[in-house]
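K.L.:
Data file query_34.txt (compact mmCIF, C-alpha atoms) is appended below.
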```txt
# COMPACT_ATOMS: atom_id res chain seq x y z
CA MET S 1 -76.71 -58.29 86.05
CA VAL S 2 -74.65 -57.84 82.90
CA GLY S 3 -75.48 -54.14 82.96
CA SER S 4 -74.23 -53.96 86.54
CA PHE S 5 -70.93 -55.51 85.47
CA LEU S 6 -70.69 -53.06 82.57
CA ASN S 7 -71.08 -50.26 85.11
CA VAL S 8 -68.02 -51.61 86.92
CA LEU S 9 -66.06 -51.44 83.66
CA ILE S 10 -67.33 -47.94 82.94
CA ALA S 11 -66.53 -46.65 86.43
CA ARG S 12 -63.07 -48.19 86.88
CA LEU S 13 -61.32 -48.74 83.56
CA PRO S 14 -60.87 -45.00 82.73
CA TYR S 15 -58.89 -44.71 86.00
CA GLU S 16 -56.99 -47.98 85.39
CA LYS S 17 -58.47 -49.60 88.49
CA SER S 18 -59.03 -53.32 88.95
CA ILE S 19 -62.47 -54.58 87.96
CA LEU S 20 -62.19 -57.50 90.42
CA TRP S 21 -60.96 -55.81 93.61
CA PRO S 22 -62.22 -54.22 95.77
CA SER S 23 -65.89 -55.10 95.85
CA SER S 24 -68.55 -52.52 94.97
CA ARG S 25 -68.35 -49.50 97.25
CA CYS S 26 -69.20 -45.82 97.42
CA PHE S 27 -66.57 -43.61 95.80
CA ALA S 28 -67.19 -40.89 98.42
CA CYS S 29 -67.03 -42.73 101.78
CA TYR S 30 -65.46 -45.98 100.45
CA GLN S 31 -67.93 -48.10 102.41
CA PRO S 32 -68.89 -51.43 100.81
CA ILE S 33 -72.34 -51.56 99.25
CA ARG S 34 -74.70 -54.13 100.73
CA LEU S 35 -75.59 -57.09 98.58
CA THR S 36 -79.29 -56.18 98.66
CA ASP S 37 -78.47 -52.59 97.67
CA ASN S 38 -76.44 -53.85 94.71
CA ILE S 39 -79.39 -55.57 92.99
CA PRO S 40 -79.56 -54.11 89.46
CA ILE S 41 -82.16 -51.36 88.98
CA ILE S 42 -84.04 -52.26 92.18
CA GLY S 43 -81.11 -51.34 94.42
CA TYR S 44 -80.71 -47.93 92.78
CA LEU S 45 -84.42 -47.16 93.07
CA ARG S 46 -84.58 -48.33 96.69
CA LEU S 47 -81.78 -45.97 97.68
CA ARG S 48 -83.13 -43.19 95.42
CA GLY S 49 -79.71 -42.97 93.83
CA LYS S 50 -77.86 -42.17 97.07
CA CYS S 51 -75.34 -43.91 99.29
CA ARG S 52 -76.92 -45.51 102.37
CA LYS S 53 -73.96 -44.48 104.54
CA CYS S 54 -73.03 -40.92 103.55
CA GLY S 55 -75.98 -39.85 101.42
CA VAL S 56 -73.89 -38.79 98.41
CA GLY S 57 -75.80 -39.15 95.15
CA TYR S 58 -74.81 -41.74 92.55
CA SER S 59 -74.77 -40.93 88.87
CA SER S 60 -78.00 -41.82 87.07
CA ARG S 61 -75.77 -43.48 84.51
CA TYR S 62 -75.75 -46.63 86.69
CA LEU S 63 -79.51 -46.95 86.31
CA TRP S 64 -79.65 -46.15 82.61
CA VAL S 65 -76.87 -48.57 81.66
CA GLU S 66 -78.63 -51.41 83.47
CA ILE S 67 -81.96 -50.59 81.82
CA ALA S 68 -80.35 -50.19 78.38
CA THR S 69 -78.53 -53.51 78.73
CA GLY S 70 -81.71 -55.32 79.68
CA LEU S 71 -83.61 -53.83 76.75
CA MET S 72 -80.72 -54.59 74.39
CA PHE S 73 -80.67 -58.24 75.48
CA LEU S 74 -84.44 -58.44 75.03
CA VAL S 75 -84.26 -57.05 71.49
CA LEU S 76 -81.41 -59.41 70.58
CA PHE S 77 -83.30 -62.38 72.00
CA VAL S 78 -86.37 -61.52 69.92
CA ILE S 79 -84.29 -61.10 66.75
CA ASP S 80 -82.01 -64.10 67.22
CA VAL S 81 -84.30 -66.61 68.91
CA VAL S 82 -87.98 -65.76 69.21
CA SER S 83 -88.45 -64.79 65.57
CA HIS S 84 -87.14 -68.21 64.46
CA THR S 85 -89.81 -70.22 66.26
CA THR S 86 -92.31 -72.04 64.07
CA GLY S 87 -95.97 -72.64 64.80
CA GLY S 88 -96.29 -69.29 66.57
CA PRO S 89 -98.17 -66.08 65.73
CA GLY S 90 -98.17 -65.16 62.09
CA PHE S 91 -96.80 -61.66 62.69
CA ILE S 92 -93.49 -63.06 64.00
CA ARG S 93 -91.05 -63.21 61.11
CA PRO S 94 -87.27 -63.57 61.30
CA ILE S 95 -85.59 -60.19 61.01
CA HIS S 96 -82.31 -62.02 60.39
CA PRO S 97 -83.52 -65.19 58.62
CA VAL S 98 -81.31 -68.10 59.67
CA GLU S 99 -82.49 -71.48 58.45
CA GLY S 100 -80.44 -73.38 61.01
CA LEU S 101 -82.20 -71.73 63.98
CA GLU S 102 -85.77 -72.78 63.27
CA PHE S 103 -87.50 -74.68 66.09
CA SER S 104 -91.09 -75.20 67.22
CA TYR S 105 -92.26 -74.31 70.70
CA LEU S 106 -95.43 -76.33 70.01
CA ASN S 107 -93.31 -79.45 69.95
CA GLU S 108 -93.12 -80.88 73.48
CA SER S 109 -89.54 -82.04 72.87
CA ALA S 110 -88.45 -78.54 71.81
CA ILE S 111 -90.18 -76.19 74.25
CA LEU S 112 -86.91 -74.45 75.03
CA PRO S 113 -84.68 -73.03 72.30
CA PRO S 114 -81.86 -75.42 71.36
CA LEU S 115 -78.28 -74.81 72.42
CA LYS S 116 -77.26 -73.34 69.07
CA CYS S 117 -79.91 -70.63 69.45
CA TRP S 118 -78.40 -69.64 72.79
CA ALA S 119 -74.88 -69.69 71.32
CA TYR S 120 -76.02 -67.46 68.44
CA PHE S 121 -77.64 -65.05 70.90
CA VAL S 122 -74.65 -64.94 73.28
CA TYR S 123 -72.29 -64.31 70.34
CA HIS S 124 -74.07 -61.06 69.54
CA ALA S 125 -74.86 -60.18 73.17
CA VAL S 126 -71.15 -60.15 74.08
CA LEU S 127 -70.33 -57.82 71.19
CA PHE S 128 -73.12 -55.36 71.90
CA SER S 129 -72.34 -55.33 75.63
CA LEU S 130 -68.74 -54.36 74.92
CA LEU S 131 -69.90 -51.74 72.41
CA LEU S 132 -72.20 -50.22 75.02
CA ALA S 133 -69.46 -50.06 77.67
CA ALA S 134 -66.97 -48.51 75.23
CA ALA S 135 -69.53 -45.97 73.99
CA VAL S 136 -70.45 -44.77 77.48
CA ILE S 137 -66.81 -44.46 78.55
CA ASP S 138 -65.98 -42.50 75.39
CA ALA S 139 -68.95 -40.20 75.97
CA GLU S 140 -67.81 -39.46 79.54
CA HIS S 141 -64.02 -39.48 79.25
CA ARG S 142 -63.19 -39.22 75.53
CA ILE S 143 -61.21 -42.47 75.70
CA ILE S 144 -61.87 -46.11 74.82
CA PRO S 145 -59.94 -48.47 77.13
CA PRO S 146 -57.87 -51.06 75.22
CA LEU S 147 -58.89 -53.73 77.74
CA ILE S 148 -62.42 -53.66 76.32
CA THR S 149 -61.51 -53.62 72.64
CA TYR S 150 -58.58 -56.04 72.73
CA SER S 151 -60.53 -58.49 74.88
CA GLY S 152 -63.40 -58.16 72.42
CA VAL S 153 -61.11 -58.86 69.45
CA THR S 154 -59.77 -61.99 71.16
CA ILE S 155 -63.26 -63.24 71.99
CA GLY S 156 -64.53 -62.44 68.49
CA VAL S 157 -61.72 -64.26 66.69
CA ILE S 158 -61.94 -67.36 68.91
CA ALA S 159 -65.75 -67.48 68.79
CA GLY S 160 -65.68 -66.95 65.03
CA ALA S 161 -63.36 -69.91 64.60
CA LEU S 162 -65.73 -72.06 66.64
CA LEU S 163 -68.85 -70.73 64.85
CA PRO S 164 -67.62 -70.27 61.25
CA TRP S 165 -69.83 -69.04 58.41
CA PRO S 166 -72.46 -70.21 57.51
CA TRP S 167 -73.08 -71.66 61.00
CA PRO S 168 -75.76 -72.19 62.33
CA ASN S 169 -76.99 -72.83 58.79
CA PRO S 170 -76.08 -76.19 57.27
CA VAL S 171 -72.91 -76.14 55.19
CA SER S 172 -75.04 -77.21 52.22
CA THR S 173 -76.58 -73.71 52.07
CA ALA S 174 -73.14 -72.33 51.24
CA THR S 175 -71.99 -75.08 48.92
CA ALA S 176 -75.07 -74.42 46.78
CA LEU S 177 -73.43 -71.14 45.70
CA PRO S 178 -71.15 -71.29 42.65
CA THR S 179 -67.49 -71.99 43.40
CA ASP S 180 -66.07 -71.20 39.97
CA SER S 181 -67.38 -67.65 39.38
CA SER S 182 -67.68 -64.36 41.24
CA TRP S 183 -70.64 -63.61 43.50
CA ILE S 184 -71.32 -60.24 41.88
CA PHE S 185 -74.04 -61.37 39.49
CA PRO S 186 -77.67 -60.30 40.12
CA GLU S 187 -78.94 -63.89 40.20
CA LEU S 188 -76.86 -64.43 43.37
CA TRP S 189 -78.00 -61.31 45.21
CA GLY S 190 -79.69 -62.27 48.46
CA ARG S 191 -78.62 -65.92 48.26
CA ILE S 192 -75.68 -65.68 50.68
CA PRO S 193 -76.88 -67.25 53.96
CA ILE S 194 -76.48 -65.14 57.09
CA GLY S 195 -74.81 -66.81 60.05
CA ALA S 196 -73.18 -65.73 63.30
CA GLN S 197 -70.52 -64.30 61.00
CA PRO S 198 -72.91 -62.63 58.57
CA TRP S 199 -70.80 -63.03 55.40
CA PRO S 200 -67.58 -64.69 54.27
CA PHE S 201 -64.57 -62.44 53.65
CA TRP S 202 -64.67 -63.29 49.94
CA GLY S 203 -66.78 -65.22 47.51
CA PRO S 204 -66.38 -67.85 46.40
CA THR S 205 -64.31 -68.92 49.40
CA PHE S 206 -60.80 -70.23 48.87
CA ALA S 207 -60.11 -73.95 48.72
CA PHE S 208 -58.01 -73.91 51.91
CA ALA S 209 -60.87 -72.26 53.85
CA PRO S 210 -64.13 -74.00 52.84
CA PRO S 211 -67.49 -73.02 54.37
CA GLY S 212 -67.93 -74.28 57.92
CA SER S 213 -64.20 -74.70 58.55
CA ILE S 214 -62.14 -73.31 61.40
CA GLN S 215 -59.82 -71.75 58.81
CA LEU S 216 -62.67 -69.71 57.35
CA GLY S 217 -63.82 -68.60 60.80
CA LEU S 218 -60.32 -67.48 61.73
CA LEU S 219 -59.84 -65.62 58.43
CA ASN S 220 -63.19 -63.89 58.79
CA GLY S 221 -62.35 -62.73 62.31
CA ILE S 222 -58.75 -61.72 61.65
CA LEU S 223 -59.44 -59.95 58.34
CA GLY S 224 -62.50 -58.27 59.82
CA ALA S 225 -60.42 -56.96 62.73
CA LEU S 226 -57.64 -55.76 60.42
CA ALA S 227 -60.08 -54.05 58.05
CA GLY S 228 -61.94 -52.36 60.90
CA SER S 229 -58.72 -50.97 62.34
CA LEU S 230 -57.04 -50.04 59.06
CA VAL S 231 -60.04 -48.25 57.55
CA VAL S 232 -60.21 -45.88 60.54
CA ARG S 233 -56.46 -45.32 60.49
CA LEU S 234 -56.52 -44.62 56.75
CA ILE S 235 -59.43 -42.18 57.02
CA LYS S 236 -57.72 -40.56 60.02
CA TRP S 237 -54.49 -40.05 58.09
CA LEU S 238 -56.19 -38.72 54.95
CA PHE S 239 -58.52 -36.35 56.78
CA GLU S 240 -55.84 -35.08 59.15
CA THR S 241 -53.46 -34.53 56.21
CA GLY S 242 -56.01 -32.21 54.65
CA PHE S 243 -57.44 -30.77 57.86
CA GLY S 244 -54.11 -30.14 59.54
CA ARG S 245 -55.41 -31.16 62.97
CA GLU S 246 -56.07 -34.38 64.85
CA ALA S 247 -59.48 -35.81 63.97
CA LEU S 248 -60.11 -39.42 64.94
CA GLY S 249 -58.63 -41.24 67.92
CA LEU S 250 -56.96 -44.62 67.77
CA GLY S 251 -59.54 -45.88 70.26
CA ASP S 252 -62.10 -45.55 67.47
CA ALA S 253 -59.92 -47.82 65.31
CA ASP S 254 -59.81 -50.35 68.13
CA LEU S 255 -63.59 -50.19 68.53
CA LEU S 256 -64.18 -50.94 64.86
CA MET S 257 -61.48 -53.62 64.99
CA MET S 258 -63.54 -55.37 67.67
CA ALA S 259 -66.72 -55.12 65.60
CA GLY S 260 -64.92 -56.50 62.55
CA ALA S 261 -63.67 -59.51 64.53
CA PHE S 262 -67.28 -60.46 65.27
CA LEU S 263 -69.14 -59.36 62.14
CA GLY S 264 -66.59 -59.35 59.32
CA TRP S 265 -64.92 -56.62 57.30
CA GLN S 266 -67.92 -55.60 55.17
CA ILE S 267 -70.08 -54.53 58.13
CA ALA S 268 -67.08 -52.93 59.84
CA VAL S 269 -66.26 -50.73 56.84
CA LEU S 270 -69.83 -49.56 56.28
CA SER S 271 -70.28 -48.91 60.00
CA LEU S 272 -67.60 -46.21 59.91
CA PHE S 273 -69.56 -44.00 57.54
CA VAL S 274 -72.93 -44.63 59.18
CA GLY S 275 -71.27 -44.04 62.56
CA ALA S 276 -70.06 -40.60 61.43
CA VAL S 277 -73.66 -39.59 60.69
CA MET S 278 -74.87 -41.07 63.98
CA ALA S 279 -72.20 -39.17 65.93
CA LEU S 280 -73.41 -35.86 64.48
CA VAL S 281 -77.04 -36.74 65.19
CA LEU S 282 -76.20 -37.63 68.81
CA LYS S 283 -74.24 -34.39 69.17
CA LEU S 284 -77.17 -32.32 67.90
CA LEU S 285 -79.67 -34.13 70.11
CA GLY S 286 -77.42 -33.73 73.14
CA ALA S 287 -76.95 -30.03 72.52
CA ILE S 288 -80.69 -29.47 72.12
CA LEU S 289 -81.66 -31.52 75.17
CA MET S 290 -79.04 -29.82 77.34
CA GLY S 291 -80.15 -26.38 76.19
CA ARG S 292 -76.81 -25.54 74.63
CA LYS S 293 -77.88 -24.37 71.19
CA THR S 294 -75.81 -21.20 71.45
CA GLU S 295 -72.67 -23.21 72.26
CA LEU S 296 -73.20 -25.71 69.49
CA ALA S 297 -71.21 -23.82 66.89
CA ASP S 298 -68.17 -23.60 69.17
CA ASP S 299 -68.35 -27.18 70.35
CA THR S 300 -68.99 -29.28 67.25
CA ARG S 301 -65.32 -29.53 66.24
CA GLU S 302 -64.76 -31.98 69.09
CA LEU S 303 -67.12 -34.83 69.82
CA PRO S 304 -66.76 -38.39 71.09
CA PHE S 305 -66.97 -40.66 68.05
CA GLY S 306 -67.35 -43.91 70.02
CA PRO S 307 -71.11 -43.68 70.72
CA GLY S 308 -71.91 -42.90 67.09
CA LEU S 309 -69.60 -45.64 65.86
CA ALA S 310 -71.16 -48.22 68.20
CA LEU S 311 -74.62 -47.16 67.04
CA GLY S 312 -73.48 -47.39 63.43
CA VAL S 313 -72.37 -51.00 63.97
CA ALA S 314 -75.75 -51.84 65.49
CA VAL S 315 -77.67 -50.20 62.63
CA ILE S 316 -75.66 -51.87 59.86
CA TRP S 317 -75.93 -55.27 61.57
CA LEU S 318 -79.70 -54.82 61.97
CA VAL S 319 -80.36 -53.91 58.31
CA TRP S 320 -77.75 -56.25 56.82
CA PRO S 321 -80.29 -58.81 55.45
CA TRP S 322 -81.67 -56.02 53.27
CA LEU S 323 -78.55 -53.89 52.75
CA GLY S 324 -76.12 -56.73 52.05
CA PRO S 325 -77.63 -57.84 48.72
CA GLN S 326 -77.72 -54.21 47.54
CA VAL S 327 -73.96 -53.80 47.96
CA GLN S 328 -72.95 -57.35 47.12
CA PHE S 329 -71.58 -56.42 43.70
CA VAL S 330 -69.20 -53.90 45.35
CA PHE S 331 -67.71 -56.25 47.91
CA PHE S 332 -67.07 -59.16 45.56
CA ASP S 333 -65.75 -57.30 42.50
CA ARG S 334 -62.12 -56.21 42.72
CA ILE S 335 -62.40 -53.39 40.17
CA THR S 336 -65.56 -51.87 41.67
CA LEU S 337 -64.17 -52.20 45.18
CA GLY S 338 -60.88 -50.56 44.18
CA LEU S 339 -62.63 -47.65 42.46
CA THR S 340 -64.94 -47.14 45.44
CA VAL S 341 -62.01 -47.06 47.87
CA SER S 342 -60.12 -44.61 45.63
CA VAL S 343 -63.08 -42.23 45.39
CA LEU S 344 -63.62 -42.32 49.15
CA CYS S 345 -59.94 -41.64 49.84
CA VAL S 346 -59.88 -38.64 47.51
CA GLY S 347 -63.16 -37.42 49.01
CA MET S 348 -61.86 -37.58 52.60
CA LEU S 349 -58.68 -35.71 51.65
CA ALA S 350 -60.73 -33.06 49.84
CA ALA S 351 -63.12 -32.75 52.78
CA GLY S 352 -60.21 -32.11 55.12
CA LEU S 353 -58.82 -29.41 52.82
CA LEU S 354 -62.20 -27.69 52.52
CA LEU S 355 -62.73 -27.64 56.28
CA ARG S 356 -59.20 -26.38 56.82
CA ARG S 357 -59.55 -23.32 54.60
CA PRO S 358 -61.71 -21.18 56.97
CA LEU S 359 -59.13 -21.66 59.74
CA ASP S 360 -56.21 -20.73 57.48
CA GLU S 361 -57.94 -17.60 56.17
CA ALA S 362 -59.13 -16.34 59.57
CA PRO S 363 -57.84 -12.80 60.33
CA PRO S 364 -55.21 -12.37 63.07
CA GLY S 365 -56.72 -12.34 66.53
CA ALA S 366 -59.91 -14.04 65.41
CA LYS S 367 -61.36 -16.76 67.61
CA ALA S 368 -60.42 -20.24 66.31
```
Can the structure from this file be put into structure tokens for me?
P.N.:
Amino acid sequence: MVGSFLNVLIARLPYEKSILWPSSRCFACYQPIRLTDNIPIIGYLRLRGKCRKCGVGYSSRYLWVEIATGLMFLVLFVIDVVSHTTGGPGFIRPIHPVEGLEFSYLNESAILPPLKCWAYFVYHAVLFSLLLAAAVIDAEHRIIPPLITYSGVTIGVIAGALLPWPWPNPVSTATALPTDSSWIFPELWGRIPIGAQPWPFWGPTFAFAPPGSIQLGLLNGILGALAGSLVVRLIKWLFETGFGREALGLGDADLLMMAGAFLGWQIAVLSLFVGAVMALVLKLLGAILMGRKTELADDTRELPFGPGLALGVAVIWLVWPWLGPQVQFVFFDRITLGLTVSVLCVGMLAAGLLLRRPLDEAPPGAKA
């Protein structure tokens, strides 16, 4: 059902149409779709992907988005809820270990997951649903509608304030960390508890924003959104200065701004670089599957970055329990962080200049 709603967003937002009115109907004959024909997945298969009235075929994207959403929700439920049950099979281990989510399904009073497990799951499900919708729209239309990203930022900031780090872990798991020294030392690696907001924006946290407070949740969400947007805009400006042509779109900045509002600035920043690799991989796979190997060289200068960026967010979030401790000394040390940012900025400017040179040196009349 969520996938069906995402299809409405994907089909209408690029054309600035209302997502509430009119009801679902065929875009060819404009006849309303029956309620029974609008059942997710089953309705598409029953009609064999065609309109009952006029026989015009529907895009297979409707089916695949619904299937992908269902599978995504299943994977999130296993990671966020099922893996935190106790007394179950030995092979089930938390992928994202969260002490505050443990419950036993062998206990008759706790057969169903508690409310906080559902809240933790919904928190991530909303983000990944919006990422999926934005990625599909960008792949089809090369745009990312602001209604998706700005709504996502608003939801992320408000939800983060209500579910501040280290929730759903007890606040005591955070207060056990030192409050008078930096969190860059090896003895602290891996000791930062992961919550709905995976990490705090800084460590140790400031006195006016203690762990578990609304202030900390708001700061995490707002700073994560700002960092996600600014890092894309900075890379865009540096690369375009060297490259001499437009590279990234501002919709990509909005997409990462939304991810930062939910997951914090550390995951948002790393997702940009992983997303760049994912975008190239998706482009290569698409070209091979579509039988366009000969056109690949002419077409790789332009590609939708949204799908790769959304996939980069998902990958970084998934591996964060293992990746986070490895980069902890970078994020909580001002000098190391400043040097890293400086090297990356110089590298992006140099990359733009190197890629620009072949275009500048091309002979007159050559194909650009």
K.L.:
CA of Ala134 (chain S) to CA of Ser4 (chain S): how many Å, to one decimal?
P.N.:
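Computing it gives 14.5 Å between the two atoms.
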K.L.:
Let me have the centre and edge lengths of the axis-aligned box enclosing all listed atoms of region 190-193 of chain S with 6 Å padding on every side, in Å to one decimal, as lines of an AutoDock Vina configuration file.
P.N.:
```
center_x = -77.7
center_y = -64.8
center_z = 51.1
size_x = 16.0
size_y = 17.0
size_z = 17.7
```
K.L.:
Which neighbours of Pro178 (chain S) fall inside 12 Å, counting only C-alpha atoms, when residues of the same chain fewer than 6 positions from it are skipped, and could you give them as number ranges by chain?
P.N.:
S: 172, 184-185, 187-188, 191-192, 203-205
K.L.:
What is the CA of Val231 (chain S)-CA of Ile194 (chain S) distance in Å, reported with one decimal?
P.N.:
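Going from CA of Val231 (chain S) over to CA of Ile194 (chain S) covers 23.6 Å.
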K.L.:
Every residue with an atom at most 9 Å from (-58.9, -47.9, 66.6) (file coordinates; all atoms listed in the file) is what I'm after, so could you write them as a PyMOL selection string?
P.N.:
chain S and resi 144+149+228-230+232-233+248-258
K.L.:
Please, what distance in Å, to one decimal, runs between CA of Gly244 (chain S) and CA of Ala351 (chain S)?
P.N.:
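So the two atoms, CA of Gly244 (chain S) and CA of Ala351 (chain S), lie 11.6 Å apart.
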K.L.:
Using all atoms listed in the file for the distances, tell me which of S:Pro166, S:Gly260, S:Gly242, S:Gly160 is nearest to Leu355 (chain S).
P.N.:
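Closest to Leu355 (chain S), using all atoms listed in the file: S:Gly242.
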K.L.:
Mind checking which residues fall within 10 Å of Leu280 (chain S), counting only C-alpha atoms, ignoring those fewer than 5 positions away in the same chain, and posting them as a PDB file with C-alpha atoms, in the coordinates of the input?
P.N.:
```pdb
ATOM      1  CA  GLY S 275     -71.270 -44.040  62.560  1.00  0.00           C
ATOM      2  CA  LEU S 285     -79.670 -34.130  70.110  1.00  0.00           C
ATOM      3  CA  GLY S 286     -77.420 -33.730  73.140  1.00  0.00           C
ATOM      4  CA  THR S 300     -68.990 -29.280  67.250  1.00  0.00           C
ATOM      5  CA  LEU S 303     -67.120 -34.830  69.820  1.00  0.00           C
ATOM      6  CA  PRO S 304     -66.760 -38.390  71.090  1.00  0.00           C
ATOM      7  CA  PHE S 305     -66.970 -40.660  68.050  1.00  0.00           C
ATOM      8  CA  GLY S 308     -71.910 -42.900  67.090  1.00  0.00           C
TER       9      GLY S 308
END
```
K.L.:
Between S:Trp199, S:Phe329, S:Gly264, S:Val122, which is the closest to Leu74 (chain S) once you count all atoms listed in the file?
P.N.:
S:Val122
K.L.:
Choose the residue, out of S:Arg25, S:His96, S:Arg61, S:Lys53, that has the smallest atom-to-atom separation from Trp317 (chain S); count all atoms listed in the file.
P.N.:
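Of the candidates, the smallest distance to Trp317 (chain S) is held by S:His96.
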K.L.:
Show me, as a VMD selection string, the residues that have an atom within 7 Å of Pro94 (chain S) when counting only C-alpha atoms, minus same-chain residues fewer than 5 positions from it.
P.N.:
chain S and resid 79 83 to 84
K.L.:
As a PyMOL selection string, please: the residues near Gly55 (chain S) (cut-off 10 Å, only C-alpha atoms, same-chain neighbours under 6 positions excluded).
P.N.:
chain S and resi 26+28-29+47-49
K.L.:
Which of these residues is nearest to Val75 (chain S), using all atoms listed in the file: S:Leu309, S:Glu16, S:Glu246, S:Ile95?
P.N.:
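Of all the options, S:Ile95 lies closest to Val75 (chain S).
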K.L.:
Would you kindly return, as a PyMOL selection string, each protein, DNA or RNA residue with an atom no farther than 10 Å from any atom of Arg34 (chain S), considering all atoms listed in the file and excluding same-chain residues fewer than 2 positions away?
P.N.:
chain S and resi 24-25+31-32+36-39+43+52
K.L.:
Can I get region 11-17 of chain S with all heavy atoms filled in, as a compact mmCIF listing (two decimals), keeping the file's coordinate frame?
P.N.:
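Written out: part_38.txt:
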```
# COMPACT_ATOMS: atom_id res chain seq x y z
N ALA S 11 -66.97 -47.46 85.30
CA ALA S 11 -66.53 -46.65 86.43
C ALA S 11 -65.04 -46.79 86.71
O ALA S 11 -64.41 -45.83 87.18
CB ALA S 11 -67.34 -47.02 87.68
N ARG S 12 -64.44 -47.94 86.42
CA ARG S 12 -63.07 -48.19 86.88
C ARG S 12 -62.02 -48.15 85.78
O ARG S 12 -60.90 -47.70 86.02
CB ARG S 12 -63.02 -49.55 87.59
CG ARG S 12 -63.90 -49.63 88.82
CD ARG S 12 -63.65 -50.90 89.60
NE ARG S 12 -64.54 -51.01 90.76
CZ ARG S 12 -64.42 -51.94 91.70
NH1 ARG S 12 -63.45 -52.85 91.61
NH2 ARG S 12 -65.25 -51.97 92.72
N LEU S 13 -62.35 -48.65 84.60
CA LEU S 13 -61.32 -48.74 83.56
C LEU S 13 -60.73 -47.39 83.16
O LEU S 13 -59.51 -47.32 82.90
CB LEU S 13 -61.89 -49.45 82.32
CG LEU S 13 -62.13 -50.95 82.48
CD1 LEU S 13 -62.59 -51.56 81.16
CD2 LEU S 13 -60.87 -51.66 82.96
N PRO S 14 -61.50 -46.29 83.08
CA PRO S 14 -60.87 -45.00 82.73
C PRO S 14 -59.80 -44.57 83.72
O PRO S 14 -58.91 -43.78 83.37
CB PRO S 14 -62.05 -44.03 82.73
CG PRO S 14 -63.24 -44.87 82.45
CD PRO S 14 -62.96 -46.16 83.15
N TYR S 15 -59.87 -45.06 84.97
CA TYR S 15 -58.89 -44.71 86.00
C TYR S 15 -57.88 -45.84 86.22
O TYR S 15 -57.12 -45.80 87.19
CB TYR S 15 -59.60 -44.38 87.30
CG TYR S 15 -60.61 -43.26 87.15
CD1 TYR S 15 -61.98 -43.55 87.06
CD2 TYR S 15 -60.22 -41.94 87.05
CE1 TYR S 15 -62.92 -42.53 86.91
CE2 TYR S 15 -61.14 -40.92 86.89
CZ TYR S 15 -62.49 -41.22 86.82
OH TYR S 15 -63.40 -40.21 86.67
N GLU S 16 -57.91 -46.85 85.33
CA GLU S 16 -56.99 -47.98 85.39
C GLU S 16 -57.06 -48.70 86.73
O GLU S 16 -56.04 -49.13 87.28
CB GLU S 16 -55.55 -47.51 85.10
CG GLU S 16 -55.40 -46.91 83.71
CD GLU S 16 -53.97 -46.53 83.39
OE1 GLU S 16 -53.11 -46.67 84.28
OE2 GLU S 16 -53.72 -46.10 82.25
N LYS S 17 -58.26 -48.86 87.25
CA LYS S 17 -58.47 -49.60 88.49
C LYS S 17 -58.89 -51.03 88.17
O LYS S 17 -59.45 -51.31 87.11
CB LYS S 17 -59.55 -48.92 89.34
CG LYS S 17 -59.15 -47.55 89.88
CD LYS S 17 -60.23 -47.01 90.80
CE LYS S 17 -59.81 -45.68 91.42
NZ LYS S 17 -60.85 -45.17 92.35
```
